[in-house]
Amino acid sequence: MIQSLFILSPTGEVLIERHFRSTVTSRTVCDHFWTKASEGLNHHGGVSTASTAILGSNPFMLYDSVEPVMEVPDIGNDGDDANGGGTIYLFSILRDGLSYLAACPPCIGNQNNPSGGLGISPLLITEFLHKIADTFVIYFGDPADESAVKDNFSTAYQLLEEMVDYGWPLTTEPNALTDLIRPPTVMAKIHQAMTGGSSNILSEALPNGTVSNMPWRKAGV
């Protein structure tokens, strides 16, 4: 399961931080990731002119030096090893200049044994991170970059609340999510700025799609 989720800006700033379990993952995992990411010439800029000049017609060799799954020390917020010297698995993807990170603990019963395995499919976590990024594009527009996330912090956190249940992916279909959480509109932002309150982005009624065997299909179709 996912213990914590972080979204980093192109400069390594933590934009979104959400913990789904009782254990809080320290931001030191982001430091480990960013140290590795900074080694890549093009990690946050696509294929640059410099790399093209270096490698000629094949610039993709330097595109990304970050492993999709990293095993990093699990350091608690007090500076001590949270799991007695154990490690935590850090999944990452890069979308629109933002780094999406998912911190997953080792399999239950093997917290102090890094070789105990993850206990969940790595492809499931990676696909779910892409699903979050796709959802941000649907809600905030393309590209869903740093500016888009900063302009829609409350909506981003509400989406994560609905998409993850105690560390497990739950609601991921756009039809169900848009029924639960209204996409931000210009009028809603103007109302929020004028009143100083939060815009009403949550639906008051439970959407039919959440109790359907086919959640990707709109109600009545």
# chains A, B, ... in the order shown; residues from 1 in each chain; ligands from 1
call {"tool": "residues_around", "arguments": {"residues": "Leu160 in chain A", "least_positions_apart": "5", "cutoff": "10 Å", "atoms": "only C-alpha atoms", "output": "MDAnalysis selection string"}}
result
chainID A and resid 5 16 18 20 132 155 165 169:172
call {"tool": "residues_around", "arguments": {"residues": "Thr28 in chain A", "least_positions_apart": "2", "cutoff": "9 Å", "atoms": "only C-alpha atoms", "output": "count of residues only"}}
result
11
call {"tool": "residues_around", "arguments": {"residues": "Ala148 in chain A", "least_positions_apart": "4", "cutoff": "12 Å", "atoms": "only C-alpha atoms", "output": "VMD selection string"}}
result
chain A and resid 9 15 96 to 98 133 136 to 144 152 to 156 184
call {"tool": "write_last_selection", "arguments": {"atoms": "all heavy atoms", "output": "short mmCIF file (atom, residue, chain, number, x, y, z; two decimals), in the first residue's frame"}}
result
data_model
loop_
_atom_site.label_atom_id
_atom_site.label_comp_id
_atom_site.auth_asym_id
_atom_site.auth_seq_id
_atom_site.Cartn_x
_atom_site.Cartn_y
_atom_site.Cartn_z
N SER A 9 8.04 20.07 -7.32
CA SER A 9 8.13 21.02 -8.43
C SER A 9 9.40 20.76 -9.22
O SER A 9 10.26 19.96 -8.81
CB SER A 9 8.14 22.45 -7.87
OG SER A 9 9.39 22.73 -7.26
N LEU A 15 5.30 20.36 -3.32
CA LEU A 15 4.04 21.07 -3.55
C LEU A 15 2.89 20.41 -2.81
O LEU A 15 2.06 21.08 -2.20
CB LEU A 15 3.73 21.10 -5.05
CG LEU A 15 4.74 21.81 -5.96
CD1 LEU A 15 4.30 21.66 -7.42
CD2 LEU A 15 4.87 23.27 -5.58
N ASP A 96 4.78 16.57 -16.82
CA ASP A 96 4.64 18.02 -16.92
C ASP A 96 5.58 18.77 -15.99
O ASP A 96 5.21 19.78 -15.37
CB ASP A 96 3.19 18.45 -16.64
CG ASP A 96 2.23 17.95 -17.71
OD1 ASP A 96 2.64 17.90 -18.90
OD2 ASP A 96 1.08 17.62 -17.38
N GLY A 97 6.79 18.24 -15.83
CA GLY A 97 7.78 18.88 -14.99
C GLY A 97 7.64 18.58 -13.51
O GLY A 97 8.49 18.99 -12.71
N LEU A 98 6.60 17.86 -13.12
CA LEU A 98 6.37 17.52 -11.72
C LEU A 98 6.78 16.07 -11.45
O LEU A 98 6.53 15.19 -12.27
CB LEU A 98 4.90 17.71 -11.34
CG LEU A 98 4.31 19.10 -11.55
CD1 LEU A 98 2.84 19.12 -11.11
CD2 LEU A 98 5.11 20.16 -10.79
N ALA A 133 -1.81 11.90 -12.25
CA ALA A 133 -1.39 12.95 -13.18
C ALA A 133 -2.43 13.16 -14.28
O ALA A 133 -2.72 14.31 -14.65
CB ALA A 133 -0.04 12.58 -13.80
N PHE A 136 -5.29 15.17 -12.84
CA PHE A 136 -4.94 16.59 -12.72
C PHE A 136 -5.09 17.30 -14.07
O PHE A 136 -5.52 18.45 -14.13
CB PHE A 136 -3.52 16.74 -12.20
CG PHE A 136 -3.39 16.52 -10.71
CD1 PHE A 136 -4.49 16.18 -9.94
CD2 PHE A 136 -2.17 16.64 -10.08
CE1 PHE A 136 -4.38 15.97 -8.57
CE2 PHE A 136 -2.04 16.44 -8.72
CZ PHE A 136 -3.15 16.10 -7.96
N VAL A 137 -4.75 16.61 -15.16
CA VAL A 137 -4.91 17.21 -16.49
C VAL A 137 -6.38 17.44 -16.79
O VAL A 137 -6.77 18.49 -17.33
CB VAL A 137 -4.27 16.30 -17.56
CG1 VAL A 137 -4.64 16.78 -18.96
CG2 VAL A 137 -2.75 16.27 -17.41
N ILE A 138 -7.23 16.48 -16.43
CA ILE A 138 -8.67 16.62 -16.66
C ILE A 138 -9.23 17.81 -15.87
O ILE A 138 -10.06 18.58 -16.38
CB ILE A 138 -9.40 15.32 -16.26
CG1 ILE A 138 -9.00 14.18 -17.21
CG2 ILE A 138 -10.91 15.52 -16.28
CD1 ILE A 138 -9.54 12.83 -16.80
N TYR A 139 -8.76 17.98 -14.65
CA TYR A 139 -9.30 19.03 -13.78
C TYR A 139 -8.66 20.40 -14.02
O TYR A 139 -9.34 21.42 -13.98
CB TYR A 139 -9.12 18.64 -12.31
CG TYR A 139 -10.27 17.83 -11.75
CD1 TYR A 139 -10.40 16.48 -12.04
CD2 TYR A 139 -11.23 18.41 -10.93
CE1 TYR A 139 -11.46 15.74 -11.53
CE2 TYR A 139 -12.28 17.68 -10.41
CZ TYR A 139 -12.40 16.35 -10.71
OH TYR A 139 -13.45 15.62 -10.22
N PHE A 140 -7.35 20.41 -14.23
CA PHE A 140 -6.62 21.68 -14.26
C PHE A 140 -6.20 22.11 -15.66
O PHE A 140 -5.70 23.21 -15.84
CB PHE A 140 -5.37 21.60 -13.37
CG PHE A 140 -5.65 21.07 -11.99
CD1 PHE A 140 -4.71 20.29 -11.32
CD2 PHE A 140 -6.84 21.35 -11.34
CE1 PHE A 140 -4.95 19.80 -10.05
CE2 PHE A 140 -7.10 20.87 -10.07
CZ PHE A 140 -6.15 20.09 -9.43
N GLY A 141 -6.37 21.23 -16.63
CA GLY A 141 -5.96 21.55 -17.99
C GLY A 141 -4.57 21.01 -18.30
O GLY A 141 -3.85 20.54 -17.42
N ASP A 142 -4.25 21.05 -19.56
CA ASP A 142 -2.97 20.53 -20.05
C ASP A 142 -2.07 21.71 -20.45
O ASP A 142 -2.46 22.54 -21.27
CB ASP A 142 -3.20 19.62 -21.24
CG ASP A 142 -1.98 18.83 -21.66
OD1 ASP A 142 -0.97 18.88 -20.92
OD2 ASP A 142 -2.03 18.18 -22.72
N PRO A 143 -0.88 21.82 -19.85
CA PRO A 143 -0.25 20.89 -18.92
C PRO A 143 -0.67 21.15 -17.47
O PRO A 143 -0.93 22.29 -17.08
CB PRO A 143 1.24 21.19 -19.10
CG PRO A 143 1.28 22.66 -19.42
CD PRO A 143 0.05 22.93 -20.25
N ALA A 144 -0.71 20.09 -16.68
CA ALA A 144 -0.97 20.21 -15.24
C ALA A 144 0.37 20.40 -14.54
O ALA A 144 0.91 19.49 -13.92
CB ALA A 144 -1.69 18.97 -14.72
N ASN A 152 -4.72 25.38 -7.62
CA ASN A 152 -5.84 24.48 -7.27
C ASN A 152 -5.46 23.53 -6.14
O ASN A 152 -5.74 22.33 -6.20
CB ASN A 152 -6.28 23.68 -8.50
CG ASN A 152 -6.76 24.55 -9.64
OD1 ASN A 152 -7.91 24.98 -9.67
ND2 ASN A 152 -5.88 24.82 -10.60
N PHE A 153 -4.81 24.07 -5.10
CA PHE A 153 -4.36 23.22 -4.00
C PHE A 153 -5.52 22.45 -3.36
O PHE A 153 -5.43 21.24 -3.14
CB PHE A 153 -3.68 24.07 -2.92
CG PHE A 153 -2.19 24.19 -3.09
CD1 PHE A 153 -1.57 25.42 -3.02
CD2 PHE A 153 -1.41 23.06 -3.30
CE1 PHE A 153 -0.20 25.53 -3.19
CE2 PHE A 153 -0.04 23.16 -3.46
CZ PHE A 153 0.56 24.40 -3.40
N SER A 154 -6.61 23.15 -3.05
CA SER A 154 -7.71 22.50 -2.34
C SER A 154 -8.32 21.37 -3.17
O SER A 154 -8.62 20.29 -2.63
CB SER A 154 -8.78 23.53 -1.97
OG SER A 154 -9.29 24.17 -3.14
N THR A 155 -8.47 21.61 -4.46
CA THR A 155 -9.02 20.57 -5.33
C THR A 155 -8.08 19.38 -5.42
O THR A 155 -8.52 18.22 -5.41
CB THR A 155 -9.30 21.13 -6.74
OG1 THR A 155 -10.14 22.27 -6.64
CG2 THR A 155 -9.97 20.09 -7.62
N ALA A 156 -6.78 19.63 -5.50
CA ALA A 156 -5.80 18.55 -5.58
C ALA A 156 -5.87 17.66 -4.35
O ALA A 156 -5.85 16.42 -4.45
CB ALA A 156 -4.40 19.13 -5.74
N PRO A 184 -12.78 22.76 -11.09
CA PRO A 184 -12.75 24.20 -10.82
C PRO A 184 -13.17 25.01 -12.05
O PRO A 184 -12.82 24.66 -13.18
CB PRO A 184 -11.29 24.47 -10.44
CG PRO A 184 -10.52 23.34 -11.05
CD PRO A 184 -11.43 22.16 -11.03
#
call {"tool": "residues_around", "arguments": {"residues": "Ala103 in chain A", "least_positions_apart": "2", "cutoff": "8 Å", "atoms": "only C-alpha atoms", "output": "compact mmCIF listing (two decimals) with N, CA and C atoms, in the first residue's frame"}}
result
# COMPACT_ATOMS: atom_id res chain seq x y z
N ILE A 2 0.25 2.38 -0.29
CA ILE A 2 0.97 3.65 -0.31
C ILE A 2 0.93 4.28 1.08
N GLN A 3 2.08 4.53 1.64
CA GLN A 3 2.14 5.15 2.96
C GLN A 3 2.04 6.67 2.85
N SER A 4 2.76 7.24 1.88
CA SER A 4 2.75 8.69 1.69
C SER A 4 2.92 9.02 0.22
N LEU A 5 2.45 10.21 -0.16
CA LEU A 5 2.58 10.67 -1.53
C LEU A 5 3.09 12.10 -1.53
N THR A 25 5.78 9.65 6.75
CA THR A 25 7.06 9.51 6.05
C THR A 25 7.79 10.84 6.04
N ILE A 88 12.49 2.03 2.83
CA ILE A 88 11.17 2.22 2.26
C ILE A 88 11.33 2.32 0.74
N TYR A 89 10.35 1.83 0.01
CA TYR A 89 10.40 1.85 -1.45
C TYR A 89 9.78 3.15 -1.96
N LEU A 90 10.49 3.82 -2.85
CA LEU A 90 10.03 5.09 -3.38
C LEU A 90 9.81 4.96 -4.89
N PHE A 91 8.55 5.09 -5.30
CA PHE A 91 8.18 5.05 -6.72
C PHE A 91 8.11 6.47 -7.25
N LEU A 101 5.80 11.15 -6.36
CA LEU A 101 6.49 10.14 -5.55
C LEU A 101 5.49 9.41 -4.65
N PRO A 105 5.98 1.06 2.26
CA PRO A 105 6.80 0.28 3.20
C PRO A 105 6.98 -1.15 2.70
call {"tool": "closest_residue", "arguments": {"among": "A:Ile120, A:Arg95, A:Met70, A:Leu129", "to": "Glu146 in chain A", "atoms": "only C-alpha atoms"}}
result
A:Arg95
